[in-house]
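What follows is the content of target.cif, which has mmCIF, C-alpha atoms:
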data_work
loop_
_atom_site.label_atom_id
_atom_site.label_comp_id
_atom_site.auth_asym_id
_atom_site.auth_seq_id
_atom_site.Cartn_x
_atom_site.Cartn_y
_atom_site.Cartn_z
CA MET A 10 120.22 -74.70 1.40
CA ILE A 11 123.86 -75.68 1.10
CA PHE A 12 124.56 -79.39 1.25
CA ILE A 13 127.99 -80.18 2.66
CA PHE A 14 129.32 -83.73 2.71
CA GLY A 15 132.65 -85.44 3.16
CA SER A 16 134.38 -88.35 4.79
CA LEU A 17 134.85 -88.87 8.53
CA TYR A 18 136.66 -86.00 10.32
CA SER A 19 137.29 -84.13 7.07
CA GLY A 20 136.50 -80.75 8.67
CA LYS A 21 132.94 -80.34 7.39
CA ARG A 22 131.62 -78.27 10.31
CA ALA A 23 134.56 -75.84 10.15
CA VAL A 24 133.90 -75.38 6.44
CA ALA A 25 130.17 -74.83 7.10
CA ALA A 26 130.93 -72.20 9.75
CA SER A 27 133.26 -70.43 7.36
CA ILE A 28 130.65 -70.44 4.56
CA LEU A 29 127.93 -69.19 6.92
CA HIS A 30 130.24 -66.60 8.54
CA CYS A 31 129.66 -67.90 12.05
CA LYS A 32 131.62 -69.66 14.78
CA VAL A 33 131.53 -73.47 14.94
CA GLU A 34 129.81 -73.11 18.35
CA GLU A 35 126.99 -71.11 16.72
CA LEU A 36 126.50 -73.59 13.91
CA SER A 37 123.49 -75.33 15.49
CA ASN A 38 121.47 -72.14 14.89
CA PHE A 39 121.85 -72.52 11.13
CA ALA A 40 122.89 -76.04 10.33
CA VAL A 41 122.24 -79.68 11.08
CA TRP A 42 124.87 -82.42 10.91
CA ASP A 43 125.26 -86.20 11.09
CA VAL A 44 122.07 -86.47 9.04
CA GLN A 45 123.21 -89.95 7.96
CA GLU A 46 122.05 -91.03 11.44
CA LEU A 47 118.60 -89.51 10.85
CA ALA A 48 118.35 -91.37 7.55
CA ALA A 49 118.69 -94.72 9.28
CA GLN A 50 115.62 -94.05 11.44
CA ALA A 51 113.42 -92.33 8.85
CA ASP A 52 110.27 -93.90 7.42
CA ASN A 53 110.09 -91.36 4.63
CA LEU A 54 113.38 -90.06 3.26
CA GLU A 55 111.70 -87.54 0.93
CA ALA A 56 109.87 -85.97 3.85
CA LEU A 57 113.08 -85.93 5.89
CA ALA A 58 114.94 -84.23 3.03
CA ASP A 59 112.15 -81.63 2.71
CA GLU A 60 112.29 -80.93 6.42
CA LEU A 61 116.10 -80.64 6.48
CA SER A 62 116.04 -78.24 3.52
CA HIS A 63 114.80 -75.49 5.85
CA TYR A 64 118.27 -75.24 7.39
CA LYS A 65 120.86 -72.96 5.80
CA ALA A 66 123.29 -75.86 5.69
CA VAL A 67 122.89 -79.63 5.96
CA ILE A 68 125.99 -81.70 6.72
CA ALA A 69 126.42 -85.42 6.10
CA THR A 70 129.27 -87.85 6.66
CA GLU A 71 129.83 -90.12 3.68
CA THR A 72 129.35 -93.72 4.72
CA GLY A 73 129.08 -95.51 1.38
CA GLY A 74 132.76 -96.00 0.61
CA GLY A 75 133.69 -99.09 2.58
CA VAL A 76 133.00 -102.78 2.33
CA ILE A 77 129.29 -103.69 2.28
CA PRO A 78 128.43 -104.36 5.95
CA VAL A 79 127.66 -107.95 6.94
CA ASP A 80 124.92 -106.77 9.28
CA ALA A 81 121.55 -106.20 7.55
CA SER A 82 120.57 -103.15 9.59
CA GLU A 83 123.94 -101.51 8.90
CA ARG A 84 123.44 -102.22 5.19
CA ALA A 85 120.02 -100.61 5.31
CA ALA A 86 121.38 -97.61 7.21
CA ARG A 87 124.09 -97.11 4.63
CA GLU A 88 121.57 -97.32 1.78
CA ALA A 89 119.31 -94.79 3.47
CA ALA A 90 122.22 -92.43 4.10
CA GLY A 91 123.32 -92.51 0.46
CA ARG A 92 119.78 -92.06 -0.80
CA LEU A 93 119.21 -89.12 1.57
CA ASN A 94 122.40 -87.49 0.25
CA CYS A 95 121.00 -87.64 -3.29
CA LEU A 96 117.67 -86.16 -2.17
CA LEU A 97 119.44 -83.37 -0.28
CA ALA A 98 121.69 -82.60 -3.25
CA GLU A 99 118.55 -82.27 -5.45
CA ARG A 100 117.12 -79.71 -3.03
CA ALA A 101 120.35 -77.75 -2.50
CA GLU A 102 121.37 -74.60 -4.35
CA THR A 103 124.99 -75.42 -3.62
CA VAL A 104 126.69 -78.77 -3.04
CA VAL A 105 130.12 -78.86 -1.39
CA ARG A 106 132.45 -81.79 -0.78
CA VAL A 107 135.07 -81.38 1.94
CA PHE A 108 138.49 -83.04 1.72
CA CYS A 109 141.11 -82.44 4.44
CA GLY A 110 139.33 -79.26 5.43
CA ILE A 111 139.29 -77.95 1.84
CA PRO A 112 135.87 -77.27 0.27
CA LEU A 113 135.28 -78.34 -3.31
CA VAL A 114 132.11 -76.91 -4.85
CA ILE A 115 130.49 -79.75 -6.77
CA ARG A 116 127.48 -77.76 -7.92
CA GLY A 117 126.33 -74.13 -7.80
CA ASP A 118 128.20 -71.24 -6.19
CA LEU A 119 129.14 -70.38 -2.64
CA PRO A 120 127.24 -67.40 -1.19
CA CYS A 121 129.39 -64.30 -0.67
CA MET B 28 157.24 -76.54 -2.27
CA THR B 29 155.34 -79.02 -0.16
CA VAL B 30 152.60 -81.24 -1.57
CA LEU B 31 150.29 -83.63 0.30
CA VAL B 32 149.39 -86.65 -1.85
CA ILE B 33 146.52 -88.78 -0.50
CA GLY B 34 145.08 -91.95 -1.99
CA GLY B 35 143.41 -95.22 -1.16
CA ALA B 36 145.08 -98.64 -1.25
CA ALA B 37 146.81 -99.31 -4.58
CA SER B 38 145.52 -96.03 -6.02
CA GLY B 39 148.86 -95.24 -7.67
CA LYS B 40 149.70 -92.60 -5.05
CA SER B 41 153.32 -93.77 -4.52
CA GLU B 42 154.19 -93.76 -8.18
CA TYR B 43 152.57 -90.37 -8.69
CA ALA B 44 154.37 -88.94 -5.63
CA GLU B 45 157.74 -90.27 -6.82
CA ASN B 46 157.29 -88.78 -10.27
CA LEU B 47 156.07 -85.47 -8.83
CA LEU B 48 159.14 -85.22 -6.60
CA CYS B 49 161.45 -86.03 -9.54
CA ARG B 50 159.87 -83.22 -11.57
CA LEU B 51 160.06 -80.74 -8.69
CA SER B 52 163.58 -81.59 -7.55
CA GLY B 53 165.73 -80.70 -10.58
CA ASP B 54 169.35 -81.27 -9.53
CA ALA B 55 168.59 -81.45 -5.81
CA PRO B 56 169.50 -84.72 -4.06
CA LYS B 57 166.44 -86.93 -3.59
CA VAL B 58 165.80 -88.60 -0.26
CA TYR B 59 163.15 -91.22 0.34
CA VAL B 60 162.06 -91.37 3.98
CA ALA B 61 160.62 -94.84 4.57
CA THR B 62 158.38 -95.16 7.62
CA MET B 63 157.43 -98.83 7.60
CA GLU B 64 158.73 -101.03 10.40
CA PRO B 65 160.02 -104.21 8.72
CA HIS B 66 158.02 -106.63 10.87
CA GLY B 67 156.76 -109.79 9.18
CA ALA B 68 156.99 -111.25 5.69
CA GLU B 69 154.27 -109.04 4.20
CA ALA B 70 155.97 -105.81 5.31
CA VAL B 71 159.35 -107.06 4.04
CA ALA B 72 157.83 -107.94 0.65
CA ARG B 73 156.06 -104.56 0.44
CA ILE B 74 159.30 -102.72 1.22
CA ALA B 75 161.12 -104.72 -1.49
CA LYS B 76 158.36 -103.89 -4.01
CA HIS B 77 158.61 -100.15 -3.28
CA ARG B 78 162.42 -100.23 -3.38
CA LYS B 79 162.29 -101.91 -6.78
CA ALA B 80 159.83 -99.31 -8.10
CA ARG B 81 162.25 -96.53 -7.05
CA THR B 82 165.31 -98.13 -8.68
CA GLY B 83 166.89 -95.82 -11.23
CA LYS B 84 165.04 -92.74 -9.97
CA GLY B 85 168.08 -91.64 -7.94
CA PHE B 86 166.68 -91.78 -4.42
CA VAL B 87 168.74 -92.28 -1.28
CA THR B 88 166.58 -94.22 1.19
CA LEU B 89 166.51 -93.32 4.89
CA GLU B 90 164.45 -95.43 7.25
CA ARG B 91 162.58 -93.54 9.93
CA CYS B 92 159.76 -95.28 11.77
CA THR B 93 159.34 -92.72 14.59
CA ASN B 94 160.69 -89.32 15.69
CA LEU B 95 160.79 -87.60 12.33
CA ALA B 96 162.30 -84.50 13.94
CA GLY B 97 165.40 -86.54 14.82
CA LEU B 98 166.11 -87.26 11.16
CA ARG B 99 168.96 -85.39 9.49
CA VAL B 100 168.79 -84.66 5.76
CA PRO B 101 171.03 -82.48 3.59
CA LYS B 102 170.05 -78.82 3.11
CA GLN B 103 168.00 -78.05 0.00
CA CYS B 104 167.33 -81.70 -0.79
CA ALA B 105 163.99 -83.05 -2.02
CA VAL B 106 162.23 -85.46 0.32
CA LEU B 107 159.53 -88.00 -0.31
CA LEU B 108 157.94 -89.10 2.98
CA GLU B 109 156.07 -92.38 2.68
CA ASP B 110 153.79 -92.55 4.42
CA LEU B 111 152.03 -90.41 6.99
CA GLY B 112 149.41 -93.02 7.95
CA ASN B 113 152.16 -95.44 8.80
CA LEU B 114 154.22 -92.88 10.72
CA CYS B 115 151.11 -91.88 12.68
CA ALA B 116 150.42 -95.52 13.64
CA ASN B 117 154.06 -96.04 14.66
CA GLU B 118 154.04 -92.92 16.83
CA MET B 119 150.74 -93.87 18.48
CA PHE B 120 151.22 -97.60 18.99
CA SER B 121 154.89 -98.60 18.69
CA PRO B 122 156.90 -98.92 21.93
CA ARG B 123 159.37 -96.38 20.52
CA GLY B 124 156.63 -93.96 19.50
CA SER B 125 155.50 -90.85 21.33
CA GLY B 126 152.02 -92.15 22.19
CA ASP B 127 149.73 -89.24 23.03
CA GLY B 128 152.34 -86.87 21.63
CA ALA B 129 152.10 -88.45 18.15
CA GLU B 130 150.52 -85.51 16.40
CA ALA B 131 152.90 -82.93 17.90
CA SER B 132 155.90 -85.12 17.16
CA ILE B 133 154.93 -85.54 13.50
CA LEU B 134 154.18 -81.84 13.01
CA ARG B 135 157.55 -81.00 14.60
CA GLY B 136 159.27 -83.39 12.19
CA LEU B 137 157.47 -81.88 9.20
CA ARG B 138 158.45 -78.37 10.28
CA TYR B 139 162.08 -79.49 10.34
CA LEU B 140 161.83 -81.09 6.89
CA ARG B 141 160.07 -78.12 5.34
CA GLY B 142 162.67 -75.75 6.81
CA GLN B 143 165.58 -77.85 5.64
CA CYS B 144 164.45 -79.09 2.22
CA ALA B 145 163.74 -77.44 -1.12
CA HIS B 146 160.76 -79.75 -1.69
CA VAL B 147 158.75 -82.19 0.40
CA VAL B 148 156.13 -84.58 -0.93
CA ILE B 149 154.08 -86.27 1.79
CA VAL B 150 152.20 -89.46 0.92
CA SER B 151 149.19 -90.38 3.04
CA ASN B 152 146.17 -92.64 3.10
CA GLU B 153 142.48 -92.15 2.35
CA ILE B 154 140.87 -94.35 5.00
CA PHE B 155 137.89 -92.20 5.97
CA CYS B 156 135.20 -93.20 3.47
CA GLY B 157 134.09 -96.45 5.06
CA GLY B 158 131.46 -95.13 7.42
CA THR B 159 131.51 -94.25 11.09
CA ALA B 160 131.19 -97.64 12.81
CA TYR B 161 134.57 -97.62 14.56
CA SER B 162 135.54 -97.62 18.20
CA GLY B 163 138.42 -97.36 20.65
CA GLU B 164 141.93 -97.25 19.27
CA THR B 165 140.79 -97.33 15.65
CA LEU B 166 138.63 -94.26 16.15
CA ARG B 167 141.47 -92.50 17.98
CA TYR B 168 143.83 -93.32 15.11
CA LEU B 169 141.34 -92.07 12.48
CA ARG B 170 140.80 -88.86 14.40
CA THR B 171 144.53 -88.22 14.78
CA LEU B 172 145.38 -88.89 11.14
CA ALA B 173 142.43 -86.77 9.95
CA ARG B 174 143.56 -83.89 12.16
CA LEU B 175 147.08 -84.18 10.74
CA HIS B 176 145.64 -84.13 7.22
CA ARG B 177 143.67 -80.95 7.91
CA GLU B 178 146.56 -79.19 9.64
CA ILE B 179 149.01 -80.11 6.89
CA ALA B 180 146.55 -79.30 4.08
CA ALA B 181 146.04 -75.82 5.51
CA THR B 182 149.71 -74.88 5.25
CA VAL B 183 151.19 -76.73 2.25
CA ASP B 184 151.33 -75.55 -1.38
CA GLY B 185 149.44 -78.45 -2.94
CA VAL B 186 146.88 -81.08 -1.89
CA CYS B 187 145.70 -83.84 -4.19
CA GLU B 188 143.84 -87.13 -4.04
CA VAL B 189 145.13 -89.82 -6.39
CA VAL B 190 142.35 -91.86 -7.96
CA CYS B 191 143.21 -94.61 -10.48
CA GLY B 192 146.68 -93.11 -10.78
CA ILE B 193 145.28 -89.65 -11.64
CA PRO B 194 145.88 -86.72 -9.26
CA ALA B 195 142.75 -84.65 -8.48
CA TYR B 196 143.93 -81.36 -6.95
CA TYR B 197 142.05 -79.62 -4.14
CA LYS B 198 144.77 -77.01 -3.68
CA GLY B 199 147.55 -75.79 -5.96
CA ALA B 200 146.12 -77.23 -9.21
CA GLU B 201 147.48 -74.33 -11.24
CA ARG B 202 151.00 -75.08 -10.02
CA PHE B 203 151.14 -78.87 -9.86
CA ALA B 204 148.43 -80.48 -11.97
CA LYS B 205 150.25 -79.88 -15.25
CA LEU B 206 153.71 -80.91 -14.00
#

Could you take the file, read its structure, and then write that structure out as structure tokens?
Amino acid sequence: MIFIFGSLYSGKRAVAASILHCKVEELSNFAVWDVQELAAQADNLEALADELSHYKAVIATETGGGVIPVDASERAAREAAGRLNCLLAERAETVVRVFCGIPLVIRGDLPC
Amino acid sequence: MTVLVIGGAASGKSEYAENLLCRLSGDAPKVYVATMEPHGAEAVARIAKHRKARTGKGFVTLERCTNLAGLRVPKQCAVLLEDLGNLCANEMFSPRGSGDGAEASILRGLRYLRGQCAHVVIVSNEIFCGGTAYSGETLRYLRTLARLHREIAATVDGVCEVVCGIPAYYKGAERFAKL
């Protein structure tokens, strides 16, 4: 599994499609995205990470960079999202951060 | 050469961008394109602070809050555009801006600058790491600026993020990181 993360609207899905050699419209066959939203609702983040690892690519939007939210449920959601990212990175062969549409390989190698 | 320099608030992006342009420009005339509309005491103070920081670096300052394509700069000069986030907001929300045509207007202006100048350094803002809980105009602004970032990053020679005053290059490291 390739874990792809980056800030809001950084071009993560386009990068994923390019890595997987498919069109963005076909991406749902191979990849899952906005997993930070799944984290917020999960009872068991480890189990969620295991389940998501079956996809070729898992895509998350980074949400941990701003001011700590005043709202408790938003705080919890942000915690869960960050923790899920760590669990996904542990399970990934390759970890990629996207910045302005440019992929930066943080760990491992991109498949040919 | 064109380089996109992105950084968060007070990351040292302006100072890095100024120094980068000075190193790139050689003998070429240096033009600073200032985008901030001088409304209110805070904006005026910020403009004065940036002007002071540029003193002695040999920049001619041109103010341009909207319609970048209407700007006229000398051929083969070196331009520092500061900053894209501000210009994007002016185009989208200022009465003199181009509203829905903001993105096209800015890209047109950048095409003119890149055609006319020897070097262009574009300063912009990292404002996308604070989660996804936005709505309405803020979300529209984020989306527009992010799209501009991606379109510009795809065509320029260098892209870096300034963190703590240090440039981390995503594109063009071999050419610019050691300058």

Check which residues satisfy the PyMOL selection byres ((chain A) within 9 of (chain B)) in the file shown, then give them as a PyMOL selection string. chain A and resi 15-20+70-76+87+108-113

Counting only C-alpha atoms, which of B:Asp184, B:Glu164, B:Thr88, B:Ser151 gets nearest to Glu201 of chain B?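 Nearest candidate to Glu201 of chain B out of B:Asp184, B:Glu164, B:Thr88, B:Ser151: B:Asp184.
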
Applying the PyMOL selection byres ((chain A and resi 121) around 12) to the file I just gave you, which residues come out? Please list them as a VMD selection string. chain A and resid 27 to 30 118 to 120

7 Å contact set for Ile115 of chain A, only C-alpha atoms, chain neighbours under 2 positions out, as a compact mmCIF listing (two decimals) with C-alpha atoms, in the coordinates of the input:
# COMPACT_ATOMS: atom_id res chain seq x y z
CA VAL A 104 126.69 -78.77 -3.04
CA VAL A 105 130.12 -78.86 -1.39
CA ARG A 106 132.45 -81.79 -0.78
CA LEU A 113 135.28 -78.34 -3.31

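Between Ile13 of chain A and the candidates A:Ala40, A:Glu46, A:Gly91, A:Ala69, the tightest atom-to-atom separation, counting only C-alpha atoms, involves A:Ala69.
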
Expected residue set, 10 Å radius at (119.5, -94.3, 4.6), only C-alpha atoms, as a count of residues only: 24

When you count all atoms listed in the file, which of these residues is closest to Ala23 of chain A: A:Leu57, A:Ile11, A:Ile68, A:Ala81? A:Ile68

Residue by residue, what does the PyMOL selection byres ((chain A and resi 36-39) around 9) grab here? Present the result as a list in words.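 On this input, the PyMOL selection byres ((chain A and resi 36-39) around 9) captures Arg22, Ala25, Ala26, Leu29, Cys31, Lys32, Val33, Glu34, Glu35, Ala40, Val41, Trp42, Tyr64, Lys65, Ala66 and Val67 of chain A.
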
List as a PDB file with C-alpha atoms, in the frame of the given file the protein and nucleic acid residues near segment 126-128 of chain B, meaning an atom at most 12 Å away when all atoms listed in the file are counted, but skip any in the same chain fewer than 4 places from it.
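Contents of the output file around-v8.pdb:
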ATOM      1  CA  THR B  93     159.340 -92.720  14.590  1.00  0.00           C
ATOM      2  CA  ASN B  94     160.690 -89.320  15.690  1.00  0.00           C
ATOM      3  CA  LEU B 114     154.220 -92.880  10.720  1.00  0.00           C
ATOM      4  CA  CYS B 115     151.110 -91.880  12.680  1.00  0.00           C
ATOM      5  CA  ALA B 116     150.420 -95.520  13.640  1.00  0.00           C
ATOM      6  CA  ASN B 117     154.060 -96.040  14.660  1.00  0.00           C
ATOM      7  CA  GLU B 118     154.040 -92.920  16.830  1.00  0.00           C
ATOM      8  CA  MET B 119     150.740 -93.870  18.480  1.00  0.00           C
ATOM      9  CA  PHE B 120     151.220 -97.600  18.990  1.00  0.00           C
ATOM     10  CA  SER B 121     154.890 -98.600  18.690  1.00  0.00           C
ATOM     11  CA  PRO B 122     156.900 -98.920  21.930  1.00  0.00           C
ATOM     12  CA  SER B 132     155.900 -85.120  17.160  1.00  0.00           C
ATOM     13  CA  ILE B 133     154.930 -85.540  13.500  1.00  0.00           C
ATOM     14  CA  LEU B 134     154.180 -81.840  13.010  1.00  0.00           C
ATOM     15  CA  ARG B 135     157.550 -81.000  14.600  1.00  0.00           C
ATOM     16  CA  GLU B 164     141.930 -97.250  19.270  1.00  0.00           C
ATOM     17  CA  ARG B 167     141.470 -92.500  17.980  1.00  0.00           C
ATOM     18  CA  TYR B 168     143.830 -93.320  15.110  1.00  0.00           C
ATOM     19  CA  THR B 171     144.530 -88.220  14.780  1.00  0.00           C
TER      20      THR B 171
END

Pairwise distance for atom CA of Lys57 of chain B and atom CA of Ala96 of chain B, rounded to one decimal in Å: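 Straight-line distance from atom CA of Lys57 of chain B to atom CA of Ala96 of chain B works out to 18.2 Å.
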
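Straight-line separation from atom CA of Gly85 of chain B to atom CA of Lys102 of chain B: 17.0 Å.
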
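Pairwise distance (atom CA of Gly185 of chain B, atom CA of Arg116 of chain A) equals 22.5 Å.
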
At a cut-off of 10 Å, using only C-alpha atoms, what residues contact Leu98 of chain B? Leave out same-chain residues fewer than 5 positions from it and give the result as a PyMOL selection string. chain B and resi 60+89-91+93+136+139-140

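Closest to Ser62 of chain A among A:Val24, A:Leu97, A:Thr103, A:Phe14 is A:Leu97, based on only C-alpha atoms.
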
Let me make sure I understand: among B:Lys205, B:Ser125, B:Ala80, B:Gly142, which one has the smallest atom-to-atom distance to Ile193 of chain B if we use all atoms listed in the file? B:Lys205
